[in-house]
>>> print(open('coords36.cif').read())   # mmCIF, C-alpha atoms
data_entry
#
loop_
_atom_site.label_atom_id
_atom_site.label_comp_id
_atom_site.auth_asym_id
_atom_site.auth_seq_id
_atom_site.Cartn_x
_atom_site.Cartn_y
_atom_site.Cartn_z
CA MET I 1 81.86 -93.36 69.66
CA ARG I 2 80.40 -96.02 67.38
CA CYS I 3 77.20 -97.67 68.52
CA PRO I 4 78.11 -100.98 70.18
CA CYS I 5 75.16 -102.81 68.57
CA GLY I 6 77.09 -103.00 65.30
CA CYS I 7 74.78 -100.72 63.28
CA GLY I 8 77.77 -98.49 62.47
CA ASP I 9 76.17 -95.23 63.61
CA ILE I 10 78.30 -92.67 65.39
CA ILE I 11 76.97 -91.53 68.76
CA GLU I 12 77.94 -88.07 69.98
CA LEU I 13 77.55 -87.45 73.70
CA LEU I 14 77.83 -84.01 75.26
CA VAL I 15 80.14 -83.88 78.28
CA ILE I 16 80.49 -80.13 78.89
CA ALA I 17 78.89 -78.75 82.05
CA GLU I 18 76.54 -76.37 80.22
CA ALA I 19 75.01 -79.04 77.97
CA LYS I 20 71.61 -80.65 78.49
CA PRO I 21 71.43 -83.58 78.28
CA ARG I 22 74.94 -84.19 79.53
CA TRP I 23 77.00 -87.27 80.33
CA ASP I 24 79.71 -87.66 82.93
CA VAL I 25 82.85 -89.54 81.92
CA GLY I 26 85.20 -91.15 84.38
CA ALA I 27 87.91 -93.78 84.40
CA ASP I 28 89.09 -96.38 86.88
CA ARG I 29 92.69 -97.21 87.79
CA GLU I 30 93.10 -99.25 84.62
CA ARG I 31 91.83 -96.24 82.62
CA ARG I 32 88.62 -98.03 81.59
CA PRO I 33 85.86 -95.49 80.85
CA THR I 34 82.51 -95.21 82.59
CA LEU I 35 79.61 -93.08 81.32
CA SER I 36 76.68 -91.83 83.31
CA PRO I 37 73.74 -91.84 82.70
CA SER I 38 72.95 -94.66 80.28
CA VAL I 39 72.87 -94.09 76.52
CA TRP I 40 69.40 -94.59 75.01
CA ARG I 41 69.04 -94.07 71.29
CA LYS I 42 65.53 -92.87 70.51
CA THR I 43 65.99 -93.34 66.74
CA GLY I 44 67.85 -95.74 64.49
CA CYS I 45 68.73 -99.01 66.23
CA ARG I 46 67.14 -97.84 69.52
CA SER I 47 69.97 -99.31 71.61
CA HIS I 48 69.95 -98.71 75.36
CA PHE I 49 73.12 -99.42 77.30
CA TRP I 50 75.55 -98.38 80.04
CA VAL I 51 79.33 -98.14 79.66
CA ARG I 52 80.87 -99.27 82.93
CA ARG I 53 84.55 -99.99 83.48
CA GLY I 54 85.11 -100.16 79.73
CA ARG I 55 82.34 -102.68 79.08
CA VAL I 56 78.94 -102.27 77.47
CA GLN I 57 76.08 -103.43 79.67
CA TRP I 58 72.82 -103.72 77.78
CA CYS I 59 69.58 -102.61 79.39
CA ASP I 60 66.67 -105.00 79.24
#
>>> encode(input="coords36.cif", output="structure tokens")
Amino acid sequence: MRCPCGCGDIIELLVIAEAKPRWDVGADRERRPTLSPSVWRKTGCRSHFWVRRGRVQWCD
């Protein structure tokens, strides 16, 4: 996915069971994605956010 901050970087998240760290991906009835846990970029733009029901929620 592209970073939602607008920096243009591509973020790759591991979702396979054997991976560490690993993210869970789900969808609601309207097929809007949810990621868990949050995404926290330690380099680059340093964005920290959740994806819940297809929306980006920024962490303070």
>>> atom_distance(input="coords36.cif", atom1="atom CA of I:Arg29", atom2="atom CA of I:Gly8")
29.4 Å
>>> residues_around(input="coords36.cif", residues="stretch 13-24 of chain I", least_positions_apart="4", cutoff="8 Å", atoms="only C-alpha atoms", output="VMD selection string")
chain I and resid 35 to 37
>>> closest_residue(input="coords36.cif", among="I:Ala27, I:Ile11, I:Arg46, I:Pro33", to="I:Trp58", atoms="only C-alpha atoms")
I:Arg46
>>> atom_distance(input="coords36.cif", atom1="atom CA of I:Glu12", atom2="atom CA of I:Arg31")
20.5 Å
>>> residues_around(input="coords36.cif", residues="I:His48", least_positions_apart="3", cutoff="8 Å", atoms="only C-alpha atoms", output="ChimeraX atom specification")
/I:38-41,58-59
>>> closest_residue(input="coords36.cif", among="I:Gly44, I:Gly26, I:Thr34, I:Asp60", to="I:Cys3", atoms="all atoms listed in the file")
I:Gly44
>>> atom_distance(input="coords36.cif", atom1="atom CA of I:Arg52", atom2="atom CA of I:Val25")
10.0 Å
>>> closest_residue(input="coords36.cif", among="I:Cys45, I:Met1, I:Cys7, I:Val51", to="I:Arg32", atoms="all atoms listed in the file")
I:Val51
>>> axis_aligned_box(input="coords36.cif", around="stretch 29-39 of chain I", padding_each_side="6 Å", output="AutoDock Vina command-line options")
--center_x 83.0 --center_y -95.5 --center_z 82.2 --size_x 32.2 --size_y 19.4 --size_z 23.3
